[in-house]
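Here is the structure we will look at, set down as structure tokens.
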Amino acid sequence: MSFNRYFQSIPTTIFEQMNHLAVQHKAVNLGQGFPEDNGNPKVREAAADVLLNGYNQYPPMLGTVALRQAVARHDKRFYGADVNGLTDVLVTAGAIEALASAVKALINEGDEVILFEPFFDAYEPLIIMSGGIPRYIPLKTPSWDIDFQALKQAINDKTKLVIFNNPLNPAGRVYSRQELQQLADILEPTNAYVIADEVYEHLVYDGQKHTSFLEIENMRNRTLKIGSAGKTFSLTGVRVGYVTACEDLIKITSKVHQFLTFAVSPSLQQGVAVALDQSDADYNELWQDLQTKRDYFCSGLRQAGFNVLPCQGTYFATIDLTGTKWENRDWDFAQWLVTEKGIASIPYYAFYGPETSQTSFVRFCFAKSQATLDEALKRLKTI
Ligand code: PMP
């Protein structure tokens, strides 16, 4: 049988593979990044009300006015950005569709796209599907600092786009305003756009404040900032994402979106619209709760003898296997861990380009119940 050559050539995602192994070996699943609780009640209540009593026909293609205005208010409130909800916001089916629409909207055959390794695994296929060429720049290990020198060297006439994920999945690194500005200053004289994947914008710990790329003035007209209700409201199944960008960029991105999903359920959009206006206390509760889980789980990992890297944001803790018998064998380790010890994790190699077959880093999702974390730590301590 003959199918699309690229998709024939790639495996299903590491998340699917690990979920499968986790079920097979009755493992505690700290692989895929999703919380175990029921998620934000405001979203669910408002969405349920619309689903039962409200309008459930095709909503506007760009998103409901209520949600687009709520995203604009959110961006002003947290980032001081002046956003016109009617022209500068697009609502998508999760952040993943925002990424797909934006990449497709910008890329012509042969355009180059810069990815910082490790990167969220969807970026690479989305670029290749659009005829683009990924250019990989490793972040410096184990601090995950941007190698600005390497970035300058990688930029050329074909560089069309940089995808910048902050806070960073998988490494939990949060980049400072100064680092964002340095990146912007390098890109300003080029023609490159930035997709700022900020789905973990509200999952930042230790009192640190997330800086959005929307705040970086000299790249504002070439920036598409992506958010996700799934992460912000602990409802990864809700599948609502949003793009904020200048009008021209929203227009072109929406031309792709109209043929991918056209629109997202109006009930879920209303749930997210209501919840985006929630109090500071509600936003704080999210990161404070996750920070407690992070501290508990990371300290357990350390007690079990692992070298745990700092985690400033996201759902993820990382161990560094450098200097152990698993050095540069993250996939071997993850397979052993799930089959022999019953713990599913995600090896970092999945977040690297084709040149990297294994790394020394493994990711665990700590956005889980106390019982799940306790069981995982109990098993880890027997290693
Ligand atoms: N970007 C990053 C960095 C992610 O980690 C994820 C989800 N794991 C997404 C985008 C996709 O988000 P959504 O679930 O809203 O599609």
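Quick note on naming: the chains in the structure tokens go A, B, ... in the order shown, residues restart at 1 in each chain, and ligands are numbered from 1 in order of appearance.
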
Selection as a ChimeraX atom specification: residues within 8 Å of ligand 1 by only C-alpha atoms and all ligand atoms: /A:32-34,93-99,119-120,122,165-170,197-200,227-231,236-237,239-241

When you look at segment 310-327 of chain A with a cut-off of 9 Å (counting only C-alpha atoms), what residues show up, excluding the ones that are within fewer than 6 positions of it in the same chain? I need them as a ChimeraX atom specification. /A:33-35,142-143,166-174,199-206,208,231,287,290-291,294,297-298,301,333,359-367

Taking the DSSP assignment computed from this structure's backbone, write out as a ChimeraX atom specification all residues of segment 156-382 of chain A that belong to alpha helix (DSSP H). /A:177-187,229-232,247-260,266-276,280-303,330-340,370-380

Gap from atom CA of Tyr123 of chain A to atom CA of Thr261 of chain A - Å, one decimal: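 If I compute the distance from atom CA of Tyr123 of chain A to atom CA of Thr261 of chain A, I get 18.6 Å.
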
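The closest residue to Val50 of chain A, picked from A:Val28, A:Leu268, A:Tyr242, A:Val83 and counting only C-alpha atoms, is A:Leu268.
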
Let's see if you can do this: from backbone DSSP, list all strand (DSSP E or B) residues in segment 303-357 of chain A, as a list in words.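 Residues of segment 303-357 of chain A classed as strand (DSSP E or B): Val308, Gly313, Phe316, Ala317, Thr318, Ile319, Asp320, Ile343, Ala344, Ile346 and Pro347 of chain A.
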
Same residues, C-alpha atoms, saved as a PDB file, in the first residue's frame:
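Result written to result_35.pdb:
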ATOM      1  CA  VAL A 308      17.389  15.962  39.465  1.00  0.00           C
ATOM      2  CA  GLY A 313       7.845  25.706  35.288  1.00  0.00           C
ATOM      3  CA  PHE A 316       7.867  18.038  34.301  1.00  0.00           C
ATOM      4  CA  ALA A 317      10.815  16.919  36.408  1.00  0.00           C
ATOM      5  CA  THR A 318      14.010  15.815  34.672  1.00  0.00           C
ATOM      6  CA  ILE A 319      16.703  13.433  35.829  1.00  0.00           C
ATOM      7  CA  ASP A 320      20.215  13.550  34.385  1.00  0.00           C
ATOM      8  CA  ILE A 343       7.018   3.462  36.002  1.00  0.00           C
ATOM      9  CA  ALA A 344       6.359   5.148  32.676  1.00  0.00           C
ATOM     10  CA  ILE A 346       9.492   9.987  28.614  1.00  0.00           C
ATOM     11  CA  PRO A 347      13.090   9.783  27.348  1.00  0.00           C
TER      12      PRO A 347
END
